[in-house]
Amino acid sequence: MAKYQLQPNEGVVLQETGIRYEPNKLSTAYTDELILTNLNLIHVRKGVFMGTKGIRYIPLNQVKVICGKCQALVGKSQNGTAILQIYTQQDIEEFAFQTGAKKNAGIWANEISRLVTGRDSENALESQDAPEYDFEDTVVGQLRDAFGEVGAAFGFGFGKSGQQQKSSVEHVSTKCSGCHAPITGVKGKTAVCKYCDTKQVL
């Protein structure tokens with residue numbers, strides 16, 4: 001474990017090794033360490049031989065809160081793996097976990113939310129309940145979508161049970177009413193913004 005300085009009123013809440021700092025595109029090694037205290041997120045950068053290369057202190061009072069929601073979220077890396085994303089006043093911090101990526105990212109996002117706002121993170125809790133795979137990305141999901149498009153061209157669709165159904169689903173894109181990020185979904189249904197968790201009817 002690295003030597004880092006804690007203030008007299010500061011205590012450790014979570015600690016994890018086997019961390020990769022996502023913005024560092026040159027490294028694929030999970031060598032770093034993260035420490036969450038009641039005041040800071042401490043990022044200990046380590047080399048391949050586990051020597052400490054630097055220690056960064058990210059104050060929790062710099063983490064953004066939008067619409068009452070802490071911007072410590074479970075996001076996805078470019079390869080689709082769950083990561084911890086933290087939006088601060090200055091930057092976006094992204095960390096990947098070597099083991100239990102989705103579970104650990106959810107635990108950390110939730111604890112940061114509790115420390116910053118005093119409430120659980122809806123984004124983190126949803127990610128822990130969600131399965132590790134996305135059905136839409138499977139071969140079966142892609143085939144279902146392909147058949148759905150062909151069926152829609154002829155005025156009908158296929159439901160989950162394979163029964164012919166009249167197609168009435170219309171997908172729409174708009175901007176989030178909370179943070180103005182792009183949001184897509186089914187017209188008339190409630191969608192949740194993946195950036196700020198604002199719910200709105202499309």
# chains A, B, ... in the order shown; residues from 1 in each chain; ligands from 1
call {"tool": "residues_around", "arguments": {"residues": "A:Leu34", "least_positions_apart": "6", "cutoff": "6 Å", "atoms": "only C-alpha atoms", "output": "PyMOL selection string"}}
result
chain A and resi 15-16+42-43
call {"tool": "select_by_dssp", "arguments": {"residues": "stretch 15-94 of chain A", "states": "strand (DSSP E)", "output": "ChimeraX atom specification"}}
result
/A:15-21,32-37,40-46,52-59,65-66,69-70,72-76,82-87,92-94
call {"tool": "residues_around", "arguments": {"residues": "A:Tyr195", "least_positions_apart": "3", "cutoff": "10 Å", "atoms": "only C-alpha atoms", "output": "ChimeraX atom specification"}}
result
/A:66,71-75,85,87,123,176,178-183,192,198
call {"tool": "write_last_selection", "arguments": {"atoms": "C-alpha atoms", "output": "compact mmCIF listing (two decimals), in the first residue's frame"}}
result
# COMPACT_ATOMS: atom_id res chain seq x y z
CA ILE A 66 -26.78 17.97 -11.12
CA GLN A 71 -22.08 12.73 -10.95
CA ALA A 72 -20.17 9.63 -9.87
CA LEU A 73 -21.60 7.05 -12.27
CA VAL A 74 -21.16 3.58 -13.66
CA GLY A 75 -20.20 4.13 -17.29
CA GLN A 85 -16.84 7.78 -14.11
CA TYR A 87 -17.44 14.30 -13.31
CA ASN A 123 -27.32 4.76 -11.47
CA CYS A 176 -32.16 15.52 -21.84
CA GLY A 178 -31.59 17.99 -17.13
CA CYS A 179 -28.16 18.17 -18.78
CA HIS A 180 -29.04 18.50 -22.51
CA ALA A 181 -27.17 15.32 -23.48
CA PRO A 182 -28.61 13.22 -26.33
CA ILE A 183 -31.26 10.75 -25.20
CA VAL A 192 -33.45 7.75 -18.16
CA THR A 198 -33.03 12.51 -15.26
call {"tool": "residues_around", "arguments": {"residues": "stretch 96-103 of chain A", "least_positions_apart": "3", "cutoff": "8 Å", "atoms": "only C-alpha atoms", "output": "list of chain:residue names"}}
result
A:Gly18, A:Ile19, A:Arg20, A:Tyr21, A:Glu22, A:Tyr30, A:Val74, A:Thr81, A:Ala82, A:Ile83, A:Leu84, A:Gly106, A:Ile107, A:Ser127, A:Gln128, A:Glu132
call {"tool": "write_last_selection", "arguments": {"atoms": "N, CA and C atoms", "output": "mmCIF file, in the first residue's frame"}}
result
data_model
loop_
_atom_site.group_PDB
_atom_site.id
_atom_site.type_symbol
_atom_site.label_atom_id
_atom_site.label_comp_id
_atom_site.auth_asym_id
_atom_site.auth_seq_id
_atom_site.Cartn_x
_atom_site.Cartn_y
_atom_site.Cartn_z
ATOM 1 N N GLY A 18 -5.456 -2.949 -8.058
ATOM 2 C CA GLY A 18 -5.850 -3.524 -9.344
ATOM 3 C C GLY A 18 -6.716 -2.569 -10.135
ATOM 4 N N ILE A 19 -6.305 -1.290 -10.193
ATOM 5 C CA ILE A 19 -7.062 -0.228 -10.863
ATOM 6 C C ILE A 19 -6.295 0.230 -12.098
ATOM 7 N N ARG A 20 -7.031 0.511 -13.158
ATOM 8 C CA ARG A 20 -6.428 1.130 -14.341
ATOM 9 C C ARG A 20 -7.062 2.507 -14.534
ATOM 10 N N TYR A 21 -6.224 3.510 -14.710
ATOM 11 C CA TYR A 21 -6.695 4.871 -14.952
ATOM 12 C C TYR A 21 -7.022 4.975 -16.429
ATOM 13 N N GLU A 22 -8.305 5.103 -16.775
ATOM 14 C CA GLU A 22 -8.765 5.012 -18.163
ATOM 15 C C GLU A 22 -8.169 6.057 -19.111
ATOM 16 N N TYR A 30 -3.346 -3.021 -14.774
ATOM 17 C CA TYR A 30 -4.156 -2.666 -13.610
ATOM 18 C C TYR A 30 -3.217 -2.576 -12.399
ATOM 19 N N VAL A 74 -21.674 4.779 -13.013
ATOM 20 C CA VAL A 74 -21.156 3.578 -13.664
ATOM 21 C C VAL A 74 -21.308 3.805 -15.163
ATOM 22 N N THR A 81 -16.646 -2.474 -21.167
ATOM 23 C CA THR A 81 -16.493 -2.863 -19.767
ATOM 24 C C THR A 81 -16.982 -1.742 -18.857
ATOM 25 N N ALA A 82 -17.626 -2.106 -17.756
ATOM 26 C CA ALA A 82 -18.111 -1.108 -16.802
ATOM 27 C C ALA A 82 -16.927 -0.408 -16.142
ATOM 28 N N ILE A 83 -17.033 0.915 -16.004
ATOM 29 C CA ILE A 83 -15.999 1.703 -15.347
ATOM 30 C C ILE A 83 -16.650 2.710 -14.404
ATOM 31 N N LEU A 84 -15.851 3.245 -13.499
ATOM 32 C CA LEU A 84 -16.291 4.312 -12.604
ATOM 33 C C LEU A 84 -15.981 5.641 -13.270
ATOM 34 N N GLY A 106 -20.139 0.077 -9.279
ATOM 35 C CA GLY A 106 -21.392 0.434 -8.618
ATOM 36 C C GLY A 106 -21.208 0.749 -7.147
ATOM 37 N N ILE A 107 -20.397 -0.063 -6.465
ATOM 38 C CA ILE A 107 -20.141 0.161 -5.035
ATOM 39 C C ILE A 107 -19.454 1.512 -4.824
ATOM 40 N N SER A 127 -27.106 -0.490 -11.895
ATOM 41 C CA SER A 127 -26.036 -1.255 -12.546
ATOM 42 C C SER A 127 -25.737 -2.541 -11.788
ATOM 43 N N GLN A 128 -25.908 -2.532 -10.464
ATOM 44 C CA GLN A 128 -25.648 -3.745 -9.695
ATOM 45 C C GLN A 128 -26.752 -4.775 -9.898
ATOM 46 N N GLU A 132 -24.756 -8.823 -16.387
ATOM 47 C CA GLU A 132 -23.455 -8.423 -16.904
ATOM 48 C C GLU A 132 -23.429 -8.319 -18.425
#
call {"tool": "select_by_dssp", "arguments": {"residues": "stretch 5-105 of chain A", "states": "helix (DSSP H, G or I)", "output": "list in words"}}
result
Leu60, Asn61, Gln62, Ala101, Lys102, Lys103, Asn104 and Ala105 of chain A
call {"tool": "write_last_selection", "arguments": {"atoms": "N, CA and C atoms", "output": "PDB file, in the first residue's frame"}}
result
ATOM      1  N   LEU A  60     -13.760  15.582  -2.810  1.00  0.00           N
ATOM      2  CA  LEU A  60     -15.156  15.212  -3.083  1.00  0.00           C
ATOM      3  C   LEU A  60     -16.039  16.446  -3.256  1.00  0.00           C
ATOM      4  N   ASN A  61     -15.626  17.581  -2.675  1.00  0.00           N
ATOM      5  CA  ASN A  61     -16.442  18.792  -2.856  1.00  0.00           C
ATOM      6  C   ASN A  61     -16.304  19.374  -4.260  1.00  0.00           C
ATOM      7  N   GLN A  62     -15.445  18.757  -5.101  1.00  0.00           N
ATOM      8  CA  GLN A  62     -15.316  19.167  -6.499  1.00  0.00           C
ATOM      9  C   GLN A  62     -16.142  18.284  -7.444  1.00  0.00           C
ATOM     10  N   ALA A 101     -15.829  -5.731 -12.373  1.00  0.00           N
ATOM     11  CA  ALA A 101     -15.887  -4.358 -12.887  1.00  0.00           C
ATOM     12  C   ALA A 101     -17.218  -3.670 -12.584  1.00  0.00           C
ATOM     13  N   LYS A 102     -18.327  -4.277 -12.965  1.00  0.00           N
ATOM     14  CA  LYS A 102     -19.637  -3.637 -12.791  1.00  0.00           C
ATOM     15  C   LYS A 102     -20.002  -3.512 -11.312  1.00  0.00           C
ATOM     16  N   LYS A 103     -19.762  -4.568 -10.556  1.00  0.00           N
ATOM     17  CA  LYS A 103     -20.100  -4.553  -9.131  1.00  0.00           C
ATOM     18  C   LYS A 103     -19.271  -3.506  -8.391  1.00  0.00           C
ATOM     19  N   ASN A 104     -17.951  -3.504  -8.623  1.00  0.00           N
ATOM     20  CA  ASN A 104     -17.082  -2.559  -7.923  1.00  0.00           C
ATOM     21  C   ASN A 104     -17.340  -1.120  -8.337  1.00  0.00           C
ATOM     22  N   ALA A 105     -17.560  -0.885  -9.633  1.00  0.00           N
ATOM     23  CA  ALA A 105     -17.869   0.474 -10.084  1.00  0.00           C
ATOM     24  C   ALA A 105     -19.150   0.966  -9.411  1.00  0.00           C
TER      25      ALA A 105
END
call {"tool": "closest_residue", "arguments": {"among": "A:Val172, A:Leu202, A:Val63, A:Leu39", "to": "A:Gly11", "atoms": "only C-alpha atoms"}}
result
A:Leu39
call {"tool": "closest_residue", "arguments": {"among": "A:Gly54, A:Arg119, A:Gln78, A:Pro23", "to": "A:Glu93", "atoms": "only C-alpha atoms"}}
result
A:Pro23
call {"tool": "atom_distance", "arguments": {"atom1": "atom CA of A:Val186", "atom2": "atom CA of A:Asn110"}}
result
28.4 Å
call {"tool": "closest_residue", "arguments": {"among": "A:Thr17, A:Ser177, A:Thr184, A:Ser77", "to": "A:Gln200", "atoms": "only C-alpha atoms"}}
result
A:Ser177
call {"tool": "atom_distance", "arguments": {"atom1": "atom CA of A:Lys53", "atom2": "atom CA of A:Thr88"}}
result
22.7 Å
call {"tool": "closest_residue", "arguments": {"among": "A:Gly68, A:Cys196, A:Leu41, A:Gln89", "to": "A:Thr117", "atoms": "only C-alpha atoms"}}
result
A:Gly68
